[in-house]
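See below for query18.json, which holds JSON, C-alpha atoms.
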[["chain", "number", "residue", "atom", "x", "y", "z"],
["A", 182, "MET", "CA", 108.94, 127.22, 153.81],
["A", 183, "THR", "CA", 110.35, 124.40, 151.69],
["A", 184, "THR", "CA", 113.63, 122.97, 152.81],
["A", 185, "MET", "CA", 116.36, 123.14, 150.17],
["A", 186, "ASN", "CA", 116.53, 120.15, 147.76],
["A", 187, "ASP", "CA", 113.66, 118.43, 149.56],
["A", 188, "THR", "CA", 110.48, 116.81, 148.39],
["A", 189, "PRO", "CA", 107.24, 117.53, 150.21],
["A", 190, "LEU", "CA", 105.91, 115.32, 152.98],
["A", 191, "VAL", "CA", 103.13, 113.22, 151.46],
["A", 192, "ILE", "CA", 100.46, 111.74, 153.71],
["A", 193, "ALA", "CA", 97.58, 109.82, 152.16],
["A", 194, "GLY", "CA", 98.34, 111.42, 148.79],
["A", 195, "VAL", "CA", 98.35, 115.02, 150.05],
["A", 196, "GLU", "CA", 101.53, 117.10, 149.93],
["A", 197, "TYR", "CA", 102.64, 119.21, 152.89],
["A", 198, "GLN", "CA", 105.48, 121.72, 152.98],
["A", 199, "SER", "CA", 105.80, 121.63, 156.77],
["A", 200, "ARG", "CA", 107.13, 118.59, 158.60],
["A", 201, "LEU", "CA", 105.90, 119.85, 161.95],
["A", 202, "LEU", "CA", 102.47, 118.68, 163.10],
["A", 203, "VAL", "CA", 101.09, 120.29, 166.24],
["A", 204, "GLY", "CA", 98.43, 119.71, 168.85],
["A", 205, "THR", "CA", 96.04, 122.25, 170.32],
["A", 206, "GLY", "CA", 95.91, 121.11, 173.97],
["A", 207, "LYS", "CA", 97.15, 122.85, 177.11],
["A", 208, "TYR", "CA", 97.32, 126.40, 175.73],
["A", 209, "LYS", "CA", 96.31, 129.36, 177.93],
["A", 210, "ASP", "CA", 93.51, 130.39, 175.57],
["A", 211, "MET", "CA", 92.36, 130.28, 171.95],
["A", 212, "GLU", "CA", 94.45, 133.31, 171.01],
["A", 213, "GLU", "CA", 97.66, 131.71, 172.26],
["A", 214, "THR", "CA", 96.72, 128.53, 170.37],
["A", 215, "ARG", "CA", 96.19, 130.52, 167.18],
["A", 216, "LEU", "CA", 99.47, 132.42, 167.46],
["A", 217, "ALA", "CA", 101.48, 129.30, 168.29],
["A", 218, "LEU", "CA", 100.03, 127.45, 165.31],
["A", 219, "GLU", "CA", 100.90, 130.35, 163.07],
["A", 220, "ALA", "CA", 104.48, 130.55, 164.39],
["A", 221, "SER", "CA", 104.94, 126.78, 163.97],
["A", 222, "GLY", "CA", 104.07, 126.88, 160.27],
["A", 223, "ALA", "CA", 102.26, 123.56, 160.79],
["A", 224, "GLU", "CA", 99.64, 122.49, 158.28],
["A", 225, "ILE", "CA", 98.33, 119.42, 160.13],
["A", 226, "ILE", "CA", 96.72, 120.18, 163.48],
["A", 227, "THR", "CA", 95.42, 117.66, 165.99],
["A", 228, "VAL", "CA", 92.21, 118.10, 167.97],
["A", 229, "ALA", "CA", 90.36, 115.93, 170.49],
["A", 230, "VAL", "CA", 86.67, 114.98, 170.42],
["A", 231, "ARG", "CA", 84.71, 115.57, 173.62],
["A", 232, "ARG", "CA", 81.15, 116.07, 174.86],
["A", 233, "SER", "CA", 79.78, 119.51, 174.03],
["A", 234, "ASN", "CA", 79.04, 121.77, 176.98],
["A", 235, "LEU", "CA", 75.29, 122.09, 177.05],
["A", 236, "GLY", "CA", 74.10, 125.58, 177.79],
["A", 237, "GLN", "CA", 76.92, 126.31, 180.24],
["A", 238, "ASN", "CA", 78.84, 128.81, 178.17],
["A", 239, "PRO", "CA", 77.15, 129.43, 174.81],
["A", 240, "ASP", "CA", 79.62, 132.16, 173.82],
["A", 241, "GLU", "CA", 82.70, 129.98, 174.33],
["A", 242, "PRO", "CA", 84.75, 130.14, 171.11],
["A", 243, "ASN", "CA", 84.72, 126.95, 169.08],
["A", 244, "LEU", "CA", 88.17, 125.54, 168.38],
["A", 245, "LEU", "CA", 87.27, 124.90, 164.74],
["A", 246, "ASP", "CA", 86.53, 128.62, 164.32],
["A", 247, "VAL", "CA", 90.13, 129.35, 165.35],
["A", 248, "VAL", "CA", 91.68, 126.32, 163.65],
["A", 249, "SER", "CA", 89.67, 126.44, 160.48],
["A", 250, "PRO", "CA", 89.39, 123.25, 158.41],
["A", 251, "ASP", "CA", 89.60, 125.55, 155.37],
["A", 252, "LYS", "CA", 93.10, 126.60, 156.40],
["A", 253, "TYR", "CA", 94.50, 123.51, 158.14],
["A", 254, "THR", "CA", 94.27, 119.75, 157.78],
["A", 255, "ILE", "CA", 92.46, 118.77, 160.97],
["A", 256, "LEU", "CA", 93.67, 115.55, 162.54],
["A", 257, "PRO", "CA", 91.18, 114.34, 165.18],
["A", 258, "ASN", "CA", 92.73, 112.04, 167.76],
["A", 259, "THR", "CA", 91.46, 109.23, 169.95],
["A", 260, "ALA", "CA", 93.24, 110.53, 173.05],
["A", 261, "GLY", "CA", 91.84, 109.09, 176.24],
["A", 262, "CYS", "CA", 90.67, 105.87, 174.57],
["A", 263, "TYR", "CA", 91.72, 102.64, 176.29],
["A", 264, "THR", "CA", 89.68, 100.18, 174.21],
["A", 265, "VAL", "CA", 89.26, 99.32, 170.53],
["A", 266, "ASP", "CA", 85.56, 100.17, 170.67],
["A", 267, "ASP", "CA", 86.09, 103.62, 172.20],
["A", 268, "ALA", "CA", 88.77, 104.49, 169.64],
["A", 269, "VAL", "CA", 86.68, 103.35, 166.66],
["A", 270, "ARG", "CA", 83.60, 105.13, 167.99],
["A", 271, "THR", "CA", 85.57, 108.35, 168.49],
["A", 272, "CYS", "CA", 86.91, 108.20, 164.93],
["A", 273, "ARG", "CA", 83.41, 107.73, 163.52],
["A", 274, "LEU", "CA", 82.13, 110.74, 165.49],
["A", 275, "ALA", "CA", 85.11, 112.76, 164.27],
["A", 276, "ARG", "CA", 84.38, 111.85, 160.65],
["A", 277, "GLU", "CA", 80.80, 113.05, 161.09],
["A", 278, "LEU", "CA", 81.98, 116.19, 162.90],
["A", 279, "LEU", "CA", 84.39, 117.03, 160.07],
["A", 280, "GLU", "CA", 81.92, 116.26, 157.30],
["A", 281, "GLY", "CA", 83.44, 113.08, 155.96],
["A", 282, "HIS", "CA", 87.10, 113.95, 156.53],
["A", 283, "ASP", "CA", 88.67, 110.55, 157.16],
["A", 284, "LEU", "CA", 92.24, 111.26, 158.30],
["A", 285, "VAL", "CA", 92.56, 110.31, 161.98],
["A", 286, "LYS", "CA", 95.22, 109.91, 164.62],
["A", 287, "LEU", "CA", 94.70, 106.57, 166.31],
["A", 288, "GLU", "CA", 95.96, 106.07, 169.83],
["A", 289, "VAL", "CA", 94.78, 103.31, 172.12],
["A", 290, "LEU", "CA", 96.34, 103.79, 175.50],
["A", 291, "GLY", "CA", 97.37, 101.02, 177.84],
["A", 292, "ASP", "CA", 98.16, 102.73, 181.10],
["A", 293, "GLU", "CA", 97.45, 106.10, 182.71],
["A", 294, "LYS", "CA", 100.85, 106.51, 184.27],
["A", 295, "THR", "CA", 102.93, 106.03, 181.13],
["A", 296, "LEU", "CA", 100.30, 106.65, 178.42],
["A", 297, "PHE", "CA", 102.15, 103.98, 176.48],
["A", 298, "PRO", "CA", 100.06, 102.45, 173.70],
["A", 299, "ASP", "CA", 98.18, 99.18, 174.17],
["A", 300, "ILE", "CA", 99.75, 97.53, 171.15],
["A", 301, "THR", "CA", 97.39, 94.59, 170.69],
["A", 302, "ALA", "CA", 94.38, 96.95, 170.89],
["A", 303, "THR", "CA", 96.13, 99.44, 168.57],
["A", 304, "LEU", "CA", 96.67, 96.74, 165.92],
["A", 305, "GLU", "CA", 93.04, 95.64, 166.17],
["A", 306, "ALA", "CA", 91.63, 99.18, 166.03],
["A", 307, "ALA", "CA", 93.89, 100.07, 163.08],
["A", 308, "ASP", "CA", 92.57, 97.09, 161.17],
["A", 309, "VAL", "CA", 88.92, 97.99, 161.85],
["A", 310, "LEU", "CA", 89.45, 101.64, 160.89],
["A", 311, "VAL", "CA", 91.40, 100.91, 157.69],
["A", 312, "LYS", "CA", 88.65, 98.52, 156.57],
["A", 313, "ASP", "CA", 86.08, 101.22, 157.36],
["A", 314, "GLY", "CA", 87.83, 103.61, 154.97],
["A", 315, "PHE", "CA", 89.77, 105.74, 157.44],
["A", 316, "LYS", "CA", 93.24, 107.04, 156.68],
["A", 317, "VAL", "CA", 94.99, 106.13, 159.89],
["A", 318, "MET", "CA", 98.03, 107.84, 161.34],
["A", 319, "VAL", "CA", 98.92, 105.64, 164.27],
["A", 320, "TYR", "CA", 100.63, 106.36, 167.57],
["A", 321, "THR", "CA", 102.82, 103.44, 168.62],
["A", 322, "ASN", "CA", 105.87, 102.59, 170.68],
["A", 323, "ASP", "CA", 109.39, 102.56, 169.25],
["A", 324, "ASP", "CA", 109.25, 98.88, 168.27],
["A", 325, "PRO", "CA", 110.35, 98.30, 164.64],
["A", 326, "ILE", "CA", 108.40, 95.03, 164.34],
["A", 327, "ILE", "CA", 105.12, 96.63, 165.38],
["A", 328, "ALA", "CA", 105.77, 99.70, 163.21],
["A", 329, "LYS", "CA", 106.09, 97.41, 160.19],
["A", 330, "ARG", "CA", 102.96, 95.48, 161.16],
["A", 331, "LEU", "CA", 100.96, 98.74, 161.36],
["A", 332, "GLU", "CA", 102.23, 99.72, 157.92],
["A", 333, "GLU", "CA", 101.16, 96.31, 156.54],
["A", 334, "ILE", "CA", 97.66, 96.79, 158.01],
["A", 335, "GLY", "CA", 97.39, 99.89, 155.82],
["A", 336, "CYS", "CA", 98.10, 102.85, 158.12],
["A", 337, "VAL", "CA", 99.08, 105.94, 156.09],
["A", 338, "ALA", "CA", 101.70, 107.05, 158.63],
["A", 339, "VAL", "CA", 103.33, 105.33, 161.58],
["A", 340, "MET", "CA", 104.07, 107.53, 164.58],
["A", 341, "PRO", "CA", 106.46, 106.07, 167.15],
["A", 342, "LEU", "CA", 106.92, 107.90, 170.43],
["A", 343, "ALA", "CA", 110.24, 109.51, 171.29],
["A", 344, "ALA", "CA", 109.42, 109.24, 175.00],
["A", 345, "PRO", "CA", 106.17, 109.22, 177.03],
["A", 346, "ILE", "CA", 103.49, 111.74, 176.02],
["A", 347, "GLY", "CA", 104.09, 115.10, 177.67],
["A", 348, "SER", "CA", 107.40, 113.98, 179.22],
["A", 349, "GLY", "CA", 109.75, 116.14, 177.15],
["A", 350, "LEU", "CA", 112.50, 113.54, 177.55],
["A", 351, "GLY", "CA", 113.53, 113.54, 173.87],
["A", 352, "ILE", "CA", 114.44, 110.53, 171.72],
["A", 353, "ARG", "CA", 115.11, 107.73, 174.21],
["A", 354, "ASN", "CA", 115.91, 105.04, 171.69],
["A", 355, "PRO", "CA", 117.49, 106.55, 168.58],
["A", 356, "TYR", "CA", 118.58, 103.17, 167.19],
["A", 357, "ASN", "CA", 115.04, 101.82, 167.21],
["A", 358, "ILE", "CA", 113.75, 104.99, 165.55],
["A", 359, "LEU", "CA", 116.48, 104.63, 162.93],
["A", 360, "THR", "CA", 115.51, 101.01, 162.27],
["A", 361, "ILE", "CA", 111.84, 101.99, 161.97],
["A", 362, "VAL", "CA", 112.75, 104.71, 159.46],
["A", 363, "GLU", "CA", 114.98, 102.38, 157.42],
["A", 364, "ASN", "CA", 112.26, 99.71, 157.19],
["A", 365, "ALA", "CA", 109.39, 102.03, 156.33],
["A", 366, "ASN", "CA", 107.47, 102.63, 153.13],
["A", 367, "VAL", "CA", 105.09, 105.13, 154.77],
["A", 368, "PRO", "CA", 105.99, 108.39, 156.54],
["A", 369, "ILE", "CA", 107.46, 107.93, 160.02],
["A", 370, "ILE", "CA", 106.47, 110.76, 162.30],
["A", 371, "VAL", "CA", 107.79, 110.97, 165.83],
["A", 372, "ASP", "CA", 104.76, 111.55, 168.02],
["A", 373, "ALA", "CA", 105.22, 112.55, 171.63],
["A", 374, "GLY", "CA", 108.16, 113.05, 173.93],
["A", 375, "VAL", "CA", 110.24, 115.84, 172.38],
["A", 376, "GLY", "CA", 111.02, 118.62, 174.85],
["A", 377, "THR", "CA", 113.02, 121.25, 173.02],
["A", 378, "ALA", "CA", 114.44, 122.21, 169.64],
["A", 379, "SER", "CA", 117.50, 119.93, 169.79],
["A", 380, "ASP", "CA", 115.26, 116.89, 170.37],
["A", 381, "SER", "CA", 113.42, 117.72, 167.16],
["A", 382, "ALA", "CA", 116.65, 118.20, 165.22],
["A", 383, "ILE", "CA", 117.90, 114.80, 166.42],
["A", 384, "ALA", "CA", 114.70, 113.09, 165.29],
["A", 385, "MET", "CA", 114.89, 114.70, 161.87],
["A", 386, "GLU", "CA", 118.61, 113.87, 161.53],
["A", 387, "LEU", "CA", 117.67, 110.22, 162.04],
["A", 388, "GLY", "CA", 115.57, 110.52, 158.88],
["A", 389, "CYS", "CA", 112.10, 110.84, 160.37],
["A", 390, "ASP", "CA", 109.61, 112.40, 157.98],
["A", 391, "GLY", "CA", 108.09, 114.73, 160.56],
["A", 392, "ILE", "CA", 107.32, 115.34, 164.20],
["A", 393, "LEU", "CA", 104.01, 115.71, 165.99],
["A", 394, "MET", "CA", 104.15, 117.63, 169.25],
["A", 395, "ASN", "CA", 101.92, 119.49, 171.67],
["A", 396, "THR", "CA", 103.30, 119.88, 175.20],
["A", 397, "ALA", "CA", 106.81, 120.88, 174.08],
["A", 398, "ILE", "CA", 105.29, 124.05, 172.63],
["A", 399, "ALA", "CA", 102.29, 124.61, 174.91],
["A", 400, "ALA", "CA", 104.21, 124.08, 178.16],
["A", 401, "ALA", "CA", 107.22, 126.21, 177.18],
["A", 402, "GLN", "CA", 107.61, 129.48, 179.11],
["A", 403, "LYS", "CA", 106.97, 131.29, 175.82],
["A", 404, "PRO", "CA", 104.94, 128.94, 173.63],
["A", 405, "ILE", "CA", 104.90, 131.13, 170.53],
["A", 406, "LEU", "CA", 108.68, 131.50, 170.56],
["A", 407, "MET", "CA", 109.09, 127.74, 171.08],
["A", 408, "ALA", "CA", 106.78, 127.09, 168.13],
["A", 409, "SER", "CA", 109.11, 129.16, 165.99],
["A", 410, "ALA", "CA", 112.17, 127.36, 167.43],
["A", 411, "MET", "CA", 110.65, 123.97, 166.64],
["A", 412, "LYS", "CA", 109.91, 125.00, 163.08],
["A", 413, "LYS", "CA", 113.55, 125.98, 162.56],
["A", 414, "ALA", "CA", 114.91, 122.89, 164.34],
["A", 415, "ILE", "CA", 112.85, 120.60, 162.12],
["A", 416, "GLU", "CA", 114.00, 122.40, 158.99],
["A", 417, "ALA", "CA", 117.63, 122.33, 160.19],
["A", 418, "GLY", "CA", 117.45, 118.66, 161.16],
["A", 419, "ARG", "CA", 115.87, 117.77, 157.84],
["A", 420, "GLU", "CA", 118.55, 119.64, 155.88],
["A", 421, "ALA", "CA", 121.29, 117.98, 157.92],
["A", 422, "PHE", "CA", 119.76, 114.57, 157.19],
["A", 423, "LEU", "CA", 119.60, 115.34, 153.46],
["A", 424, "ALA", "CA", 123.14, 116.77, 153.53],
["A", 425, "GLY", "CA", 124.57, 113.64, 155.17],
["A", 426, "ARG", "CA", 126.71, 114.25, 158.21],
["A", 427, "MET", "CA", 130.51, 113.78, 158.27],
["A", 428, "PRO", "CA", 131.81, 110.54, 159.74],
["A", 429, "ARG", "CA", 132.64, 110.61, 163.44],
["A", 430, "LYS", "CA", 136.37, 110.34, 164.16],
["A", 431, "ARG", "CA", 138.04, 109.75, 167.47],
["A", 432, "PHE", "CA", 140.98, 112.14, 166.93],
["A", 433, "ALA", "CA", 141.49, 115.59, 165.46],
["A", 434, "SER", "CA", 141.85, 116.44, 161.80],
["A", 435, "ALA", "CA", 143.19, 119.97, 161.14],
["A", 436, "SER", "CA", 141.03, 122.22, 159.00],
["A", 437, "SER", "CA", 143.93, 124.46, 157.90],
["A", 438, "PRO", "CA", 146.72, 123.13, 155.62],
["A", 439, "ILE", "CA", 150.06, 122.06, 157.11],
["A", 440, "ASP", "CA", 151.96, 123.12, 153.91],
["A", 441, "GLY", "CA", 153.13, 126.74, 153.85],
["A", 442, "THR", "CA", 153.40, 127.28, 157.58],
["A", 443, "ILE", "CA", 156.08, 129.95, 158.30],
["A", 444, "PHE", "CA", 157.88, 128.07, 161.07],
["B", 5, "MET", "CA", 59.50, 111.98, 177.55],
["B", 6, "LYS", "CA", 62.85, 111.43, 179.21],
["B", 7, "ILE", "CA", 66.13, 111.06, 177.31],
["B", 8, "GLN", "CA", 69.81, 111.09, 178.31],
["B", 9, "VAL", "CA", 71.96, 113.81, 176.74],
["B", 10, "ASN", "CA", 75.70, 113.73, 177.42],
["B", 11, "GLY", "CA", 75.13, 111.78, 180.59],
["B", 12, "ALA", "CA", 72.39, 114.02, 182.00],
["B", 13, "SER", "CA", 68.66, 113.37, 182.10],
["B", 14, "GLN", "CA", 66.58, 115.65, 179.90],
["B", 15, "GLN", "CA", 62.82, 116.10, 179.40],
["B", 16, "VAL", "CA", 61.64, 116.74, 175.86],
["B", 17, "GLU", "CA", 58.28, 116.57, 174.15],
["B", 18, "ALA", "CA", 57.24, 113.39, 172.38],
["B", 19, "GLY", "CA", 58.12, 113.59, 168.68],
["B", 20, "CYS", "CA", 61.23, 115.69, 169.37],
["B", 21, "THR", "CA", 63.66, 115.38, 166.46],
["B", 22, "ALA", "CA", 67.46, 115.58, 166.52],
["B", 23, "LYS", "CA", 67.10, 119.03, 165.00],
["B", 24, "ASP", "CA", 64.72, 120.14, 167.77],
["B", 25, "LEU", "CA", 67.12, 118.84, 170.42],
["B", 26, "ILE", "CA", 70.04, 120.81, 168.97],
["B", 27, "LYS", "CA", 67.92, 123.95, 169.12],
["B", 28, "ILE", "CA", 66.83, 123.24, 172.71],
["B", 29, "MET", "CA", 70.48, 122.73, 173.73],
["B", 30, "GLY", "CA", 71.52, 126.02, 172.15],
["B", 31, "LEU", "CA", 73.83, 124.29, 169.67],
["B", 32, "GLY", "CA", 72.24, 125.53, 166.45],
["B", 33, "GLY", "CA", 74.87, 126.32, 163.82],
["B", 34, "LYS", "CA", 77.72, 124.81, 165.90],
["B", 35, "ARG", "CA", 80.15, 122.25, 164.55],
["B", 36, "ILE", "CA", 79.00, 119.12, 166.35],
["B", 37, "ALA", "CA", 78.34, 115.43, 165.78],
["B", 38, "MET", "CA", 75.55, 113.37, 167.31],
["B", 39, "GLU", "CA", 75.19, 109.75, 168.29],
["B", 40, "VAL", "CA", 71.90, 108.15, 169.40],
["B", 41, "ASN", "CA", 72.22, 104.78, 171.16],
["B", 42, "MET", "CA", 75.80, 104.44, 169.88],
["B", 43, "GLU", "CA", 74.83, 105.05, 166.23],
["B", 44, "ILE", "CA", 75.90, 108.19, 164.36],
["B", 45, "VAL", "CA", 73.03, 110.39, 163.18],
["B", 46, "PRO", "CA", 74.13, 112.07, 159.94],
["B", 47, "ARG", "CA", 73.69, 115.84, 159.96],
["B", 48, "SER", "CA", 71.57, 115.65, 156.81],
["B", 49, "SER", "CA", 68.92, 113.59, 158.63],
["B", 50, "TYR", "CA", 68.55, 115.66, 161.84],
["B", 51, "GLY", "CA", 65.20, 117.04, 160.67],
["B", 52, "GLU", "CA", 63.52, 113.67, 160.25],
["B", 53, "PHE", "CA", 65.32, 111.72, 163.01],
["B", 54, "VAL", "CA", 62.70, 111.33, 165.76],
["B", 55, "LEU", "CA", 63.94, 110.60, 169.28],
["B", 56, "ASN", "CA", 62.33, 108.02, 171.54],
["B", 57, "GLN", "CA", 61.84, 107.65, 175.28],
["B", 58, "ASP", "CA", 65.09, 106.57, 177.05],
["B", 59, "ASP", "CA", 67.32, 107.28, 174.05],
["B", 60, "THR", "CA", 70.95, 107.89, 174.99],
["B", 61, "ILE", "CA", 72.38, 110.81, 173.05],
["B", 62, "GLU", "CA", 75.94, 112.02, 172.80],
["B", 63, "ILE", "CA", 76.73, 115.39, 171.28],
["B", 64, "VAL", "CA", 80.43, 116.09, 170.70],
["B", 65, "HIS", "CA", 82.64, 118.84, 169.37],
["B", 66, "ALA", "CA", 86.35, 119.46, 168.80],
["B", 67, "VAL", "CA", 88.50, 120.62, 171.72],
["B", 68, "GLY", "CA", 92.21, 121.23, 172.14],
["B", 69, "GLY", "CA", 94.25, 118.04, 172.12],
["B", 70, "GLY", "CA", 97.53, 116.56, 171.00]]
Encoding of this model in structure tokens:
Amino acid sequence: MTTMNDTPLVIAGVEYQSRLLVGTGKYKDMEETRLALEASGAEIITVAVRRSNLGQNPDEPNLLDVVSPDKYTILPNTAGCYTVDDAVRTCRLARELLEGHDLVKLEVLGDEKTLFPDITATLEAADVLVKDGFKVMVYTNDDPIIAKRLEEIGCVAVMPLAAPIGSGLGIRNPYNILTIVENANVPIIVDAGVGTASDSAIAMELGCDGILMNTAIAAAQKPILMASAMKKAIEAGREAFLAGRMPRKRFASASSPIDGTIF
Amino acid sequence: MKIQVNGASQQVEAGCTAKDLIKIMGLGGKRIAMEVNMEIVPRSSYGEFVLNQDDTIEIVHAVGGG
């Protein structure tokens, strides 16, 4: 669904109607994944790249049969990579896996406890990948200086975290996110940390171009219902941003006229 | 000859190609990507890509992730 008076989200020259990007991890099974994706209305779907199981379960459904590249834009990630070399290698395997598709989500992690990005490695990997022809959507922290640097390297979208991956803590630093959005000439997509619909609405009201999430949907009690809630929250937040909120005032301002009262 | 496939030792006949290996592993027709000694082997060249003793092979596919 297109939000009223809005333009589409454009990433690497491709237009998307949905501003919600979703992951495919942590679901109960492939069917739940499929239904949640459908309810979310997302068009860009992240996947991870891992060793194939050899001979253990030949009938196991393949994720790409459920999340068809004909229907969705597949965004392979570099989750689990802690070095530049591992991240670049994973992206090259993903490009081969997806028959030349070169849109990737780069994340180079620095620490297992926080899953915060290793920024120096992220900058280096982004540079290598951009020069190798990849269209890089990059996971980063909520630092406006680094966000700008990643844009200058040539990333097609910059994706600051709201809070640690899988934490569901919501936007921890709205002023930094706002500064990142104001400075940007590429889409800013909050990646990681939203927990519920209101978190998404807040991110969109700050002017973010989209939100990428996985755990907030997959770990909800009812993932398919949460996928639907997130879709609506992102549309509502986007419309509120475009509408421009009223100024905050400390004291009341009556909505009904004072003139004509009968007393 | 002996090769390493996804971290496990594997015996294959000399002259085994990437295409043969995929068949042996039961991965025919699956959406996968292959790397031999850290270099990508393009799908179009599986038929002529001959493996050698002690090659290290990684075969990957897409799984759920965020």
Near chain B, 10 Å: chain A residue rows, closest pairs, all atoms listed in the file, as CSV:
residue,atom,partner,partner_atom,distance
A:Leu202,CA,B:Gly70,CA,9.6
A:Val203,CA,B:Gly70,CA,7.0
A:Gly204,CA,B:Gly70,CA,3.9
A:Thr205,CA,B:Gly68,CA,4.4
A:Gly206,CA,B:Gly69,CA,4.0
A:Lys207,CA,B:Gly68,CA,7.2
A:Tyr208,CA,B:Gly68,CA,8.1
A:Asp210,CA,B:Gly68,CA,9.9
A:Met211,CA,B:Gly68,CA,9.1
A:Thr214,CA,B:Gly68,CA,8.8
A:Ile226,CA,B:Gly70,CA,8.4
A:Thr227,CA,B:Gly70,CA,5.5
A:Val228,CA,B:Gly69,CA,4.6
A:Ala229,CA,B:Gly69,CA,4.7
A:Val230,CA,B:Ala66,CA,4.8
A:Arg231,CA,B:Val64,CA,5.2
A:Arg232,CA,B:Val64,CA,4.2
A:Ser233,CA,B:Val64,CA,4.8
A:Asn234,CA,B:Val64,CA,8.6
A:Leu235,CA,B:Met29,CA,5.9
A:Gly236,CA,B:Met29,CA,6.1
A:Gln237,CA,B:Gly30,CA,9.7
A:Asn238,CA,B:Gly30,CA,9.9
A:Pro239,CA,B:Gly30,CA,7.1
A:Asn243,CA,B:Ala66,CA,7.7
A:Leu244,CA,B:Val67,CA,6.0
A:Leu245,CA,B:Ala66,CA,6.9
A:Asp246,CA,B:Arg35,CA,9.0
A:Val248,CA,B:Gly68,CA,9.9
A:Ile255,CA,B:Ala66,CA,10.0
A:Leu256,CA,B:Gly70,CA,9.4
A:Pro257,CA,B:Ala66,CA,7.9
A:Asn258,CA,B:Gly70,CA,7.3
A:Thr259,CA,B:Gly69,CA,9.5
A:Ala260,CA,B:Gly69,CA,7.6
A:Arg270,CA,B:Met42,CA,8.1
A:Thr271,CA,B:Val64,CA,9.6
A:Arg273,CA,B:Ile44,CA,7.6
A:Leu274,CA,B:Ala37,CA,6.0
A:Ala275,CA,B:Ala37,CA,7.4
A:Arg276,CA,B:Ala37,CA,8.7
A:Glu277,CA,B:Ala37,CA,5.8
A:Leu278,CA,B:Ala37,CA,4.7
A:Leu279,CA,B:Arg35,CA,8.1
A:Glu280,CA,B:Arg47,CA,8.7
A:Lys286,CA,B:Gly70,CA,9.5
A:Ile346,CA,B:Gly70,CA,9.2
A:Gly347,CA,B:Gly70,CA,9.5
A:Asp372,CA,B:Gly70,CA,9.3
A:Ala373,CA,B:Gly70,CA,8.7
A:Leu393,CA,B:Gly70,CA,8.2
A:Met394,CA,B:Gly70,CA,6.9
A:Asn395,CA,B:Gly70,CA,5.3
A:Thr396,CA,B:Gly70,CA,7.9
Coordinates-based distance that separates atom CA of A:Ala307 from atom CA of A:Met385 (Å, one decimal):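 About the pair atom CA of A:Met385 and atom CA of A:Ala307: they are 25.6 Å apart.
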Near B:Phe53, counting all atoms listed in the file, which residues have an atom at most 9 Å away, once you skip same-chain residues fewer than 5 positions from it, shown as a PyMOL selection string? chain B and resi 20-23+45
Would you work out the distance separating atom CA of B:Met5 from atom CA of B:Asp24, expressed in Å to one decimal?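 Interatomic distance, atom CA of B:Met5 to atom CA of B:Asp24: 13.8 Å.
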Could you tell me how far atom CA of A:Ala414 sits from atom CA of A:Ala382, in Å to one decimal place?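 These atoms are spaced 5.1 Å apart.
Each of A:Asp292, A:Asp299, A:Cys389, A:Asp283 was checked against A:Gly314 using all atoms listed in the file; the smallest atom-to-atom distance is that of A:Asp283.
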Residues within 9 Å of stretch 408-411 of chain A, please, as a PyMOL selection string. Count all atoms listed in the file; anything in the same chain fewer than 4 positions from it doesn't count. chain A and resi 201+217-222+377-379+381-382+397-399+403-404+415-416
Enumerate, as a PyMOL selection string, the protein, DNA and RNA residues whose atoms approach (105.4, 105.2, 166.5) to within 7 Å, taking into account only C-alpha atoms and the coordinate frame of the file. chain A and resi 319-323+328+339-342+371-372
Which residue of A:Glu420, A:Asp324, A:Glu241, A:Asp308 approaches A:Ala343 most closely, using only C-alpha atoms: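 Distance minimum relative to A:Ala343 lands on A:Asp324.
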Taking 4 positions as the minimum chain separation for residues in the same chain, which residues sit within 12 Å of A:Val317 when counting all atoms listed in the file? Answer as a PyMOL selection string. chain A and resi 192-193+256-259+268-269+272+282-288+303-304+306-313+331-332+334-340+367-368
